[in-house]
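*Asks:* Handing over query12.cif, mmCIF, C-alpha atoms and all ligand atoms.
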data_run
#
loop_
_atom_site.group_PDB
_atom_site.id
_atom_site.type_symbol
_atom_site.label_atom_id
_atom_site.label_comp_id
_atom_site.auth_asym_id
_atom_site.auth_seq_id
_atom_site.Cartn_x
_atom_site.Cartn_y
_atom_site.Cartn_z
ATOM 1 C CA MET S 1 9.176 2.502 45.670
ATOM 2 C CA ARG S 2 11.105 1.375 48.735
ATOM 3 C CA ILE S 3 11.317 3.747 51.708
ATOM 4 C CA VAL S 4 14.254 3.203 54.063
ATOM 5 C CA ALA S 5 14.534 5.072 57.381
ATOM 6 C CA ASP S 6 17.056 2.913 59.255
ATOM 7 C CA PRO S 7 20.595 3.376 57.857
ATOM 8 C CA ALA S 8 21.452 -0.179 58.941
ATOM 9 C CA THR S 9 18.900 -1.647 56.519
ATOM 10 C CA PHE S 10 19.913 0.148 53.336
ATOM 11 C CA PRO S 11 19.874 -2.343 50.440
ATOM 12 C CA ALA S 12 23.225 -3.211 48.839
ATOM 13 C CA ARG S 13 24.084 -1.457 45.600
ATOM 14 C CA PRO S 14 22.886 -3.369 42.547
ATOM 15 C CA GLN S 15 25.141 -4.446 39.674
ATOM 16 C CA GLN S 16 23.706 -1.626 37.589
ATOM 17 C CA ALA S 17 24.012 2.071 38.304
ATOM 18 C CA ARG S 18 22.558 3.652 41.417
ATOM 19 C CA ILE S 19 22.179 7.424 40.998
ATOM 20 C CA LEU S 20 21.573 9.507 44.111
ATOM 21 C CA VAL S 21 19.784 12.842 44.356
ATOM 22 C CA PRO S 22 20.603 14.181 47.844
ATOM 23 C CA THR S 23 17.925 16.605 49.114
ATOM 24 C CA MET S 24 16.602 18.186 52.273
ATOM 25 C CA GLY S 25 13.032 17.587 51.077
ATOM 26 C CA ALA S 26 10.311 20.162 50.328
ATOM 27 C CA LEU S 27 10.725 18.924 46.785
ATOM 28 C CA HIS S 28 9.921 21.350 43.982
ATOM 29 C CA GLU S 29 10.210 21.245 40.216
ATOM 30 C CA GLY S 30 13.967 21.906 40.483
ATOM 31 C CA HIS S 31 14.470 18.697 42.489
ATOM 32 C CA LEU S 32 12.199 16.786 40.117
ATOM 33 C CA GLU S 33 14.433 17.865 37.219
ATOM 34 C CA LEU S 34 17.433 16.471 39.133
ATOM 35 C CA ILE S 35 15.520 13.206 39.638
ATOM 36 C CA ARG S 36 14.743 13.032 35.893
ATOM 37 C CA ARG S 37 18.413 13.652 35.125
ATOM 38 C CA ALA S 38 19.279 10.833 37.528
ATOM 39 C CA ARG S 39 16.841 8.533 35.734
ATOM 40 C CA SER S 40 18.372 9.323 32.352
ATOM 41 C CA PHE S 41 21.784 8.376 33.789
ATOM 42 C CA ALA S 42 20.508 5.258 35.558
ATOM 43 C CA GLY S 43 18.749 3.922 32.473
ATOM 44 C CA PRO S 44 15.797 1.530 32.713
ATOM 45 C CA ASN S 45 17.723 -1.080 34.748
ATOM 46 C CA GLY S 46 19.571 1.210 37.130
ATOM 47 C CA GLU S 47 18.202 2.655 40.364
ATOM 48 C CA VAL S 48 17.344 6.224 41.282
ATOM 49 C CA ALA S 49 17.721 6.948 45.005
ATOM 50 C CA VAL S 50 16.594 10.156 46.723
ATOM 51 C CA SER S 51 17.669 11.096 50.234
ATOM 52 C CA ILE S 52 15.401 13.406 52.227
ATOM 53 C CA PHE S 53 17.180 14.672 55.313
ATOM 54 C CA VAL S 54 17.182 18.158 56.837
ATOM 55 C CA ASN S 55 20.780 18.071 57.975
ATOM 56 C CA PRO S 56 21.000 19.937 61.297
ATOM 57 C CA ILE S 57 24.786 20.329 61.210
ATOM 58 C CA GLN S 58 24.783 22.499 58.069
ATOM 59 C CA PHE S 59 22.510 25.201 59.541
ATOM 60 C CA ASP S 60 24.225 28.184 61.138
ATOM 61 C CA ARG S 61 20.972 29.691 62.478
ATOM 62 C CA PRO S 62 18.557 27.683 64.700
ATOM 63 C CA ASP S 63 15.576 29.733 63.396
ATOM 64 C CA ASP S 64 16.424 28.727 59.806
ATOM 65 C CA LEU S 65 16.599 25.037 60.784
ATOM 66 C CA ALA S 66 13.307 25.262 62.690
ATOM 67 C CA ALA S 67 11.539 27.027 59.814
ATOM 68 C CA TYR S 68 12.780 24.616 57.133
ATOM 69 C CA PRO S 69 9.679 23.023 55.536
ATOM 70 C CA ARG S 70 9.236 19.243 56.022
ATOM 71 C CA PRO S 71 6.264 18.054 53.931
ATOM 72 C CA LEU S 72 7.358 14.389 53.949
ATOM 73 C CA GLU S 73 4.123 12.780 52.668
ATOM 74 C CA ASP S 74 3.958 15.219 49.780
ATOM 75 C CA ASP S 75 7.644 14.568 48.984
ATOM 76 C CA LEU S 76 7.106 10.801 48.954
ATOM 77 C CA GLU S 77 4.148 11.238 46.604
ATOM 78 C CA LYS S 78 6.309 13.286 44.222
ATOM 79 C CA CYS S 79 9.064 10.654 44.320
ATOM 80 C CA ARG S 80 6.519 7.925 43.588
ATOM 81 C CA ALA S 81 5.157 9.898 40.620
ATOM 82 C CA GLU S 82 8.703 10.271 39.239
ATOM 83 C CA GLY S 83 9.343 6.518 39.485
ATOM 84 C CA VAL S 84 12.060 6.817 42.147
ATOM 85 C CA ASP S 85 13.227 3.367 43.296
ATOM 86 C CA LEU S 86 14.532 4.144 46.787
ATOM 87 C CA VAL S 87 13.932 6.972 49.232
ATOM 88 C CA PHE S 88 16.147 7.359 52.286
ATOM 89 C CA THR S 89 14.438 9.312 55.097
ATOM 90 C CA PRO S 90 16.537 8.886 58.246
ATOM 91 C CA GLU S 91 15.965 10.590 61.590
ATOM 92 C CA ALA S 92 18.835 12.774 62.788
ATOM 93 C CA ASP S 93 19.574 10.514 65.757
ATOM 94 C CA SER S 94 20.013 7.484 63.497
ATOM 95 C CA ILE S 95 22.547 9.413 61.387
ATOM 96 C CA PHE S 96 24.640 11.205 64.016
ATOM 97 C CA PHE S 97 26.057 9.507 67.091
ATOM 98 C CA PRO S 98 25.616 11.691 70.180
ATOM 99 C CA ASP S 99 29.389 11.587 70.772
ATOM 100 C CA ARG S 100 30.408 11.990 67.118
ATOM 101 C CA SER S 101 33.820 13.608 66.831
ATOM 102 C CA THR S 102 34.684 13.437 63.136
ATOM 103 C CA THR S 103 33.932 16.135 60.546
ATOM 104 C CA VAL S 104 34.949 16.538 56.908
ATOM 105 C CA LEU S 105 36.634 19.918 56.436
ATOM 106 C CA GLU S 106 37.309 21.497 53.061
ATOM 107 C CA TYR S 107 39.486 24.485 53.732
ATOM 108 C CA SER S 108 39.979 26.352 50.475
ATOM 109 C CA LEU S 109 36.851 26.695 48.319
ATOM 110 C CA SER S 110 34.640 26.859 51.401
ATOM 111 C CA LYS S 111 36.267 29.998 52.811
ATOM 112 C CA THR S 112 34.547 32.438 50.480
ATOM 113 C CA LEU S 113 30.950 33.312 49.394
ATOM 114 C CA CYS S 114 28.416 31.332 51.512
ATOM 115 C CA GLY S 115 31.251 29.801 53.536
ATOM 116 C CA ALA S 116 32.369 33.251 54.717
ATOM 117 C CA THR S 117 28.932 34.318 55.910
ATOM 118 C CA ARG S 118 27.741 30.892 57.146
ATOM 119 C CA PRO S 119 30.606 29.531 59.265
ATOM 120 C CA GLY S 120 30.619 25.736 59.482
ATOM 121 C CA HIS S 121 27.975 25.338 56.772
ATOM 122 C CA PHE S 122 30.165 23.447 54.306
ATOM 123 C CA ASP S 123 31.723 21.294 57.040
ATOM 124 C CA GLY S 124 28.171 20.115 57.699
ATOM 125 C CA VAL S 125 27.455 19.640 53.995
ATOM 126 C CA CYS S 126 30.660 17.676 53.295
ATOM 127 C CA THR S 127 30.144 15.495 56.357
ATOM 128 C CA ILE S 128 26.562 14.555 55.506
ATOM 129 C CA VAL S 129 27.255 14.071 51.798
ATOM 130 C CA LEU S 130 30.170 11.736 52.513
ATOM 131 C CA LYS S 131 28.004 9.832 55.010
ATOM 132 C CA LEU S 132 25.192 9.557 52.443
ATOM 133 C CA PHE S 133 27.666 8.311 49.833
ATOM 134 C CA ASN S 134 28.991 5.699 52.295
ATOM 135 C CA LEU S 135 25.510 4.551 53.317
ATOM 136 C CA ILE S 136 23.800 4.578 49.917
ATOM 137 C CA GLN S 137 26.852 3.598 47.803
ATOM 138 C CA PRO S 138 25.705 5.413 44.663
ATOM 139 C CA SER S 139 27.674 5.187 41.429
ATOM 140 C CA ALA S 140 26.865 8.852 40.750
ATOM 141 C CA ALA S 141 25.070 11.759 42.401
ATOM 142 C CA VAL S 142 23.321 14.799 40.905
ATOM 143 C CA PHE S 143 23.746 18.327 42.295
ATOM 144 C CA GLY S 144 22.191 21.584 41.066
ATOM 145 C CA GLU S 145 24.302 24.502 39.831
ATOM 146 C CA LYS S 146 22.240 26.953 41.888
ATOM 147 C CA ASP S 147 24.460 25.829 44.769
ATOM 148 C CA TYR S 148 27.564 26.353 42.643
ATOM 149 C CA GLN S 149 29.933 26.571 45.596
ATOM 150 C CA GLN S 150 28.483 23.399 47.130
ATOM 151 C CA LEU S 151 28.960 21.603 43.809
ATOM 152 C CA ALA S 152 32.597 22.800 43.544
ATOM 153 C CA ILE S 153 33.331 21.708 47.128
ATOM 154 C CA ILE S 154 31.753 18.269 46.677
ATOM 155 C CA ARG S 155 33.772 17.755 43.496
ATOM 156 C CA ARG S 156 36.923 18.738 45.415
ATOM 157 C CA MET S 157 36.071 16.402 48.310
ATOM 158 C CA VAL S 158 35.427 13.485 45.963
ATOM 159 C CA ARG S 159 38.722 14.163 44.163
ATOM 160 C CA ASP S 160 40.797 14.679 47.301
ATOM 161 C CA LEU S 161 39.407 11.682 49.202
ATOM 162 C CA ASN S 162 39.131 9.314 46.190
ATOM 163 C CA VAL S 163 35.424 8.824 46.734
ATOM 164 C CA PRO S 164 34.197 6.504 43.941
ATOM 165 C CA VAL S 165 31.107 8.564 43.058
ATOM 166 C CA GLU S 166 30.693 10.487 39.809
ATOM 167 C CA ILE S 167 29.350 14.009 40.349
ATOM 168 C CA ILE S 168 26.781 15.197 37.806
ATOM 169 C CA ALA S 169 25.976 18.927 37.620
ATOM 170 C CA HIS S 170 22.535 20.098 36.552
ATOM 171 C CA PRO S 171 21.695 23.681 35.459
ATOM 172 C CA THR S 172 19.640 25.884 37.781
ATOM 173 C CA ILE S 173 15.894 25.480 37.293
ATOM 174 C CA ARG S 174 13.965 28.751 37.376
ATOM 175 C CA GLU S 175 10.433 30.011 37.803
ATOM 176 C CA SER S 176 8.954 31.679 34.699
ATOM 177 C CA ASP S 177 10.020 35.099 36.061
ATOM 178 C CA GLY S 178 13.632 33.930 36.468
ATOM 179 C CA LEU S 179 13.736 33.376 40.237
ATOM 180 C CA ALA S 180 15.874 30.319 40.988
ATOM 181 C CA MET S 181 13.697 27.535 42.393
ATOM 182 C CA SER S 182 14.297 26.950 46.099
ATOM 183 C CA SER S 183 12.429 25.412 48.999
ATOM 184 C CA ARG S 184 12.898 28.774 50.720
ATOM 185 C CA ASN S 185 10.797 30.635 48.104
ATOM 186 C CA THR S 186 7.624 29.391 49.832
ATOM 187 C CA ARG S 187 8.604 31.423 52.914
ATOM 188 C CA LEU S 188 8.565 34.742 51.003
ATOM 189 C CA THR S 189 5.585 37.069 51.470
ATOM 190 C CA PRO S 190 3.684 37.874 48.244
ATOM 191 C CA GLU S 191 5.398 41.283 48.153
ATOM 192 C CA GLN S 192 8.865 39.756 48.615
ATOM 193 C CA ARG S 193 8.106 37.078 46.023
ATOM 194 C CA THR S 194 7.234 39.816 43.482
ATOM 195 C CA ASP S 195 10.482 41.656 44.279
ATOM 196 C CA ALA S 196 12.865 38.681 44.314
ATOM 197 C CA PRO S 197 13.215 38.096 40.511
ATOM 198 C CA ARG S 198 15.270 41.315 40.464
ATOM 199 C CA ILE S 199 18.198 39.181 41.690
ATOM 200 C CA ARG S 200 18.400 37.175 38.497
ATOM 201 C CA ARG S 201 17.739 40.210 36.269
ATOM 202 C CA ALA S 202 20.537 42.089 38.039
ATOM 203 C CA LEU S 203 23.085 39.286 37.603
ATOM 204 C CA VAL S 204 22.296 38.814 33.916
ATOM 205 C CA SER S 205 22.475 42.518 33.030
ATOM 206 C CA ALA S 206 25.582 43.192 35.147
ATOM 207 C CA ALA S 207 27.450 40.292 33.524
ATOM 208 C CA LYS S 208 27.480 42.304 30.253
ATOM 209 C CA MET S 209 29.685 45.038 31.780
ATOM 210 C CA LEU S 210 33.353 45.146 30.837
ATOM 211 C CA THR S 211 35.240 45.311 34.156
ATOM 212 C CA PRO S 212 34.868 43.540 37.523
ATOM 213 C CA ALA S 213 34.155 46.859 39.260
ATOM 214 C CA SER S 214 31.402 47.858 36.821
ATOM 215 C CA ILE S 215 29.887 44.360 37.005
ATOM 216 C CA LEU S 216 29.698 44.531 40.797
ATOM 217 C CA ASP S 217 28.427 48.148 40.885
ATOM 218 C CA THR S 218 25.727 47.433 38.311
ATOM 219 C CA ALA S 219 24.612 44.247 40.045
ATOM 220 C CA ARG S 220 24.509 45.873 43.497
ATOM 221 C CA ALA S 221 22.421 48.813 42.277
ATOM 222 C CA ALA S 222 19.960 46.502 40.526
ATOM 223 C CA ILE S 223 19.594 43.994 43.379
ATOM 224 C CA GLU S 224 19.065 46.471 46.213
ATOM 225 C CA SER S 225 15.475 47.256 47.141
ATOM 226 C CA PRO S 226 13.737 48.444 50.323
ATOM 227 C CA LEU S 227 12.625 44.834 50.904
ATOM 228 C CA ASN S 228 16.023 43.128 50.886
ATOM 229 C CA ARG S 229 19.564 43.162 52.246
ATOM 230 C CA ILE S 230 22.573 41.840 50.336
ATOM 231 C CA ASP S 231 24.497 39.262 52.379
ATOM 232 C CA TYR S 232 27.300 39.099 49.810
ATOM 233 C CA LEU S 233 27.815 39.933 46.168
ATOM 234 C CA GLN S 234 31.057 38.746 44.618
ATOM 235 C CA LEU S 235 32.727 38.151 41.297
ATOM 236 C CA VAL S 236 34.962 35.104 41.667
ATOM 237 C CA ASP S 237 37.106 32.885 39.485
ATOM 238 C CA ALA S 238 34.810 30.031 38.401
ATOM 239 C CA GLU S 239 37.415 27.425 39.317
ATOM 240 C CA THR S 240 39.221 28.692 42.417
ATOM 241 C CA LEU S 241 36.364 30.858 43.784
ATOM 242 C CA GLU S 242 39.022 33.537 44.548
ATOM 243 C CA PRO S 243 37.940 37.140 43.820
ATOM 244 C CA ALA S 244 38.267 37.866 40.085
ATOM 245 C CA THR S 245 40.533 40.830 39.421
ATOM 246 C CA ASP S 246 40.064 40.784 35.644
ATOM 247 C CA LEU S 247 37.905 39.001 33.089
ATOM 248 C CA LYS S 248 40.664 36.941 31.469
ATOM 249 C CA ARG S 249 39.265 33.709 32.924
ATOM 250 C CA SER S 250 35.700 32.450 33.296
ATOM 251 C CA SER S 251 34.188 33.885 36.420
ATOM 252 C CA LEU S 252 31.030 33.670 38.437
ATOM 253 C CA LEU S 253 28.886 36.498 39.712
ATOM 254 C CA ALA S 254 27.353 35.131 42.903
ATOM 255 C CA THR S 255 25.084 36.586 45.533
ATOM 256 C CA ALA S 256 23.073 35.830 48.652
ATOM 257 C CA VAL S 257 20.213 38.168 49.476
ATOM 258 C CA PHE S 258 18.060 38.297 52.584
ATOM 259 C CA TYR S 259 14.337 39.010 52.393
ATOM 260 C CA ASP S 260 13.710 39.407 56.100
ATOM 261 C CA LYS S 261 14.944 36.025 57.455
ATOM 262 C CA VAL S 262 14.749 34.197 54.122
ATOM 263 C CA ARG S 263 18.132 33.943 52.437
ATOM 264 C CA LEU S 264 18.140 33.393 48.658
ATOM 265 C CA ILE S 265 21.218 32.563 46.577
ATOM 266 C CA ASP S 266 21.861 32.769 42.861
ATOM 267 C CA ASN S 267 24.782 32.996 40.455
ATOM 268 C CA HIS S 268 25.534 33.722 36.827
ATOM 269 C CA ALA S 269 28.503 32.717 34.698
ATOM 270 C CA VAL S 270 30.556 35.590 33.245
ATOM 271 C CA PRO S 271 32.528 34.379 30.224
ATOM 272 C CA TRP S 272 36.147 35.566 29.865
ATOM 273 C CA HIS S 273 36.705 38.473 27.481
HETATM 274 O O1 LIG I 301 21.718 21.016 48.638
HETATM 275 C C1 LIG I 301 21.137 20.471 49.599
HETATM 276 O O2 LIG I 301 19.904 20.312 49.589
HETATM 277 C C2 LIG I 301 21.954 19.990 50.788
HETATM 278 O O3 LIG I 301 23.024 20.850 51.039
HETATM 279 C C3 LIG I 301 22.426 18.545 50.645
HETATM 280 C C4 LIG I 301 23.393 18.381 49.481
HETATM 281 C C5 LIG I 301 21.238 17.626 50.466
HETATM 282 C C6 LIG I 301 23.186 18.121 51.911
HETATM 283 O O4 LIG I 301 22.369 18.193 53.032
#
Let's see the structure in the file written out as structure tokens.
*Replies:*
Amino acid sequence: MRIVADPATFPARPQQARILVPTMGALHEGHLELIRRARSFAGPNGEVAVSIFVNPIQFDRPDDLAAYPRPLEDDLEKCRAEGVDLVFTPEADSIFFPDRSTTVLEYSLSKTLCGATRPGHFDGVCTIVLKLFNLIQPSAAVFGEKDYQQLAIIRRMVRDLNVPVEIIAHPTIRESDGLAMSSRNTRLTPEQRTDAPRIRRALVSAAKMLTPASILDTARAAIESPLNRIDYLQLVDAETLEPATDLKRSSLLATAVFYDKVRLIDNHAVPWH
């Protein structure tokens, strides 16, 4: 496995596929599933590349950035065990020029859900993802559906800017009790960790209701507990991410929930009926 820290020395893309899994490290089983998906796309002769970079410009709270776990040695070991070919682990100052003055802005899909409560977050995500695509030159990149809005925005960016990278979506990987896997789960107290699977249970049971209002009411009642605070809970059109006013099109029930300072997100598809 080749480890590259200096962006200037990234090896040229091979003839065969190069599939990228962009991450911020603290790799868990969910990331490893994305890496396996990348391998199945790359085939035996293609390359799997993983980027590990805690992107400072996508954090809206300095405490969240500071608390983000960075177990690099452990991450490299996991990549090695998965047969990853290339790992990109740049330092922030080798990625961002001190006088940088260019940002990628998506200004439709990013205005709602996480974008509404985390101003600037998706500008930071789009900017780093485009930079990673330019540096690593992958033929395709894998993103998890847990970050549904991120996936939709990256697809839009790639379409709008003619970026020659195929975007592969991978279903959310869950713990056995249904909690979506996330690097942030390790920051939950044991009591919060026991409470948090209610988020998934709430979304699944609420999605069976017959109107947007009853879906949202049911979900809210089932998510709320003395240990948490709902950041947002919304039913949106699965394509436009605009609020869904009826169930005539596929929609998405999406939420972000705070356990103290730890913010967890999840979503569930609601089929049209
Ligand atoms: O989903 C993430 O881990 C990050 O937002 C990403 C795509 C690696 C960009 O920093």
*Asks:* Do you know which residues the PyMOL selection byres (((chain S and resi 70) around 8) and not hetatm) returns on this file, as a list in words?
*Replies:*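 Selected by the PyMOL selection byres (((chain S and resi 70) around 8) and not hetatm) here: Gly25, Ala26, Tyr68, Pro69, Pro71 and Leu72 of chain S.
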*Asks:* Using all atoms listed in the file, find the one residue out of S:Arg18, S:Lys131, S:Arg80, S:Arg61 that sits nearest to ligand LIG 301 (chain I).
*Replies:*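 With all atoms listed in the file as the atom set, the closest residue is S:Lys131.
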*Asks:* Around ligand LIG 301 (chain I), which protein and nucleic acid residues have at least one atom no more than 10 Å from it, if we count only C-alpha atoms and all ligand atoms? List them as an MDAnalysis selection string.
*Replies:* chainID S and resid 21:27 31 50:59 121:122 124:130 132 141:148 150:151 154 182:183
*Asks:* Take the residues from that selection and put them in a file with C-alpha atoms, as a JSON list (two decimals), keeping the file's coordinate frame.
*Replies:*
[["chain", "number", "residue", "atom", "x", "y", "z"],
["S", 21, "VAL", "CA", 19.78, 12.84, 44.36],
["S", 22, "PRO", "CA", 20.60, 14.18, 47.84],
["S", 23, "THR", "CA", 17.92, 16.60, 49.11],
["S", 24, "MET", "CA", 16.60, 18.19, 52.27],
["S", 25, "GLY", "CA", 13.03, 17.59, 51.08],
["S", 26, "ALA", "CA", 10.31, 20.16, 50.33],
["S", 27, "LEU", "CA", 10.72, 18.92, 46.78],
["S", 31, "HIS", "CA", 14.47, 18.70, 42.49],
["S", 50, "VAL", "CA", 16.59, 10.16, 46.72],
["S", 51, "SER", "CA", 17.67, 11.10, 50.23],
["S", 52, "ILE", "CA", 15.40, 13.41, 52.23],
["S", 53, "PHE", "CA", 17.18, 14.67, 55.31],
["S", 54, "VAL", "CA", 17.18, 18.16, 56.84],
["S", 55, "ASN", "CA", 20.78, 18.07, 57.98],
["S", 56, "PRO", "CA", 21.00, 19.94, 61.30],
["S", 57, "ILE", "CA", 24.79, 20.33, 61.21],
["S", 58, "GLN", "CA", 24.78, 22.50, 58.07],
["S", 59, "PHE", "CA", 22.51, 25.20, 59.54],
["S", 121, "HIS", "CA", 27.98, 25.34, 56.77],
["S", 122, "PHE", "CA", 30.16, 23.45, 54.31],
["S", 124, "GLY", "CA", 28.17, 20.11, 57.70],
["S", 125, "VAL", "CA", 27.46, 19.64, 54.00],
["S", 126, "CYS", "CA", 30.66, 17.68, 53.30],
["S", 127, "THR", "CA", 30.14, 15.50, 56.36],
["S", 128, "ILE", "CA", 26.56, 14.56, 55.51],
["S", 129, "VAL", "CA", 27.26, 14.07, 51.80],
["S", 130, "LEU", "CA", 30.17, 11.74, 52.51],
["S", 132, "LEU", "CA", 25.19, 9.56, 52.44],
["S", 141, "ALA", "CA", 25.07, 11.76, 42.40],
["S", 142, "VAL", "CA", 23.32, 14.80, 40.90],
["S", 143, "PHE", "CA", 23.75, 18.33, 42.30],
["S", 144, "GLY", "CA", 22.19, 21.58, 41.07],
["S", 145, "GLU", "CA", 24.30, 24.50, 39.83],
["S", 146, "LYS", "CA", 22.24, 26.95, 41.89],
["S", 147, "ASP", "CA", 24.46, 25.83, 44.77],
["S", 148, "TYR", "CA", 27.56, 26.35, 42.64],
["S", 150, "GLN", "CA", 28.48, 23.40, 47.13],
["S", 151, "LEU", "CA", 28.96, 21.60, 43.81],
["S", 154, "ILE", "CA", 31.75, 18.27, 46.68],
["S", 182, "SER", "CA", 14.30, 26.95, 46.10],
["S", 183, "SER", "CA", 12.43, 25.41, 49.00]]
*Asks:* Could you give me the axis-aligned bounding box of range 108-120 of chain S, with 3 Å of padding per side, as centre plus edge lengths in Å to one decimal, as JSON?
*Replies:*
{"center_x": 33.9, "center_y": 30.0, "center_z": 53.9, "size_x": 18.2, "size_y": 14.6, "size_z": 17.2}
*Asks:* List the spatial neighbours of Thr255 in chain S as a list in words - criterion: any atom at most 6 Å away, only C-alpha atoms, same-chain residues fewer than 3 positions off excluded.
*Replies:*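 Non-adjacent residues within range: Tyr232, Leu233, Ile265 and Asp266 of chain S.
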*Asks:* For a quick check of understanding, using all atoms listed in the file, which of S:Asp160, S:Asp260, S:Asp217, S:Phe133 has the smallest distance to Arg193 in chain S?
*Replies:*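 Closest residue, counting all atoms listed in the file: S:Asp260.
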*Asks:* Taking all atoms listed in the file into account, name the residue in S:Tyr259, S:Trp272, S:Tyr107, S:Phe96 that is nearest to Asp246 in chain S.
*Replies:*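 Answer, going by the shortest atom-to-atom distance: S:Trp272.
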*Asks:* Could you tell me how far CA of Ala66 in chain S lies from CA of Phe258 in chain S, in Å and to one decimal?
*Replies:*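 The value is 17.2 Å.
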*Asks:* Calculated over only C-alpha atoms, which of the candidates S:Leu188, S:Val257, S:Ala180, S:Leu247 has the smallest distance to Ala207 in chain S?
*Replies:*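 Closest to Ala207 in chain S of all the choices is S:Leu247.
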*Asks:* Please write the residues picked by the PyMOL selection byres (((chain S and resi 213) around 12) and not hetatm) on this file as a list in words.
*Replies:*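 Selection result, ordered by chain and number: Ala206, Ala207, Met209, Leu210, Thr211, Pro212, Ser214, Ile215, Leu216, Asp217, Thr218, Ala219, Arg220, Leu233, Gln234, Leu235, Pro243, Ala244, Thr245, Asp246, Leu247 and Leu253 of chain S.
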*Asks:* Please return range 185-197 of chain S, rebuilt to N, CA and C atoms, as an mmCIF file, in the coordinates of the input.
*Replies:*
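Output below, filename out.cif:
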data_model
loop_
_atom_site.group_PDB
_atom_site.id
_atom_site.type_symbol
_atom_site.label_atom_id
_atom_site.label_comp_id
_atom_site.auth_asym_id
_atom_site.auth_seq_id
_atom_site.Cartn_x
_atom_site.Cartn_y
_atom_site.Cartn_z
ATOM 1 N N ASN S 185 11.686 29.649 48.769
ATOM 2 C CA ASN S 185 10.797 30.635 48.104
ATOM 3 C C ASN S 185 9.405 30.639 48.729
ATOM 4 N N THR S 186 8.979 29.472 49.256
ATOM 5 C CA THR S 186 7.624 29.391 49.832
ATOM 6 C C THR S 186 7.502 30.229 51.102
ATOM 7 N N ARG S 187 8.642 30.622 51.677
ATOM 8 C CA ARG S 187 8.604 31.423 52.914
ATOM 9 C C ARG S 187 8.599 32.923 52.629
ATOM 10 N N LEU S 188 8.620 33.312 51.351
ATOM 11 C CA LEU S 188 8.565 34.742 51.003
ATOM 12 C C LEU S 188 7.124 35.231 51.094
ATOM 13 N N THR S 189 6.927 36.480 51.530
ATOM 14 C CA THR S 189 5.585 37.069 51.470
ATOM 15 C C THR S 189 5.279 37.356 49.997
ATOM 16 N N PRO S 190 4.001 37.575 49.651
ATOM 17 C CA PRO S 190 3.684 37.874 48.244
ATOM 18 C C PRO S 190 4.479 39.075 47.715
ATOM 19 N N GLU S 191 4.658 40.086 48.576
ATOM 20 C CA GLU S 191 5.398 41.283 48.153
ATOM 21 C C GLU S 191 6.884 40.953 47.898
ATOM 22 N N GLN S 192 7.456 40.142 48.791
ATOM 23 C CA GLN S 192 8.865 39.756 48.615
ATOM 24 C C GLN S 192 9.020 38.874 47.380
ATOM 25 N N ARG S 193 8.040 37.984 47.176
ATOM 26 C CA ARG S 193 8.106 37.078 46.023
ATOM 27 C C ARG S 193 8.084 37.874 44.708
ATOM 28 N N THR S 194 7.311 38.973 44.684
ATOM 29 C CA THR S 194 7.234 39.816 43.482
ATOM 30 C C THR S 194 8.561 40.550 43.269
ATOM 31 N N ASP S 195 9.231 40.888 44.360
ATOM 32 C CA ASP S 195 10.482 41.656 44.279
ATOM 33 C C ASP S 195 11.688 40.787 43.899
ATOM 34 N N ALA S 196 11.657 39.524 44.369
ATOM 35 C CA ALA S 196 12.865 38.681 44.314
ATOM 36 C C ALA S 196 13.430 38.394 42.904
ATOM 37 N N PRO S 197 12.622 38.354 41.838
ATOM 38 C CA PRO S 197 13.215 38.096 40.511
ATOM 39 C C PRO S 197 14.228 39.153 40.079
#
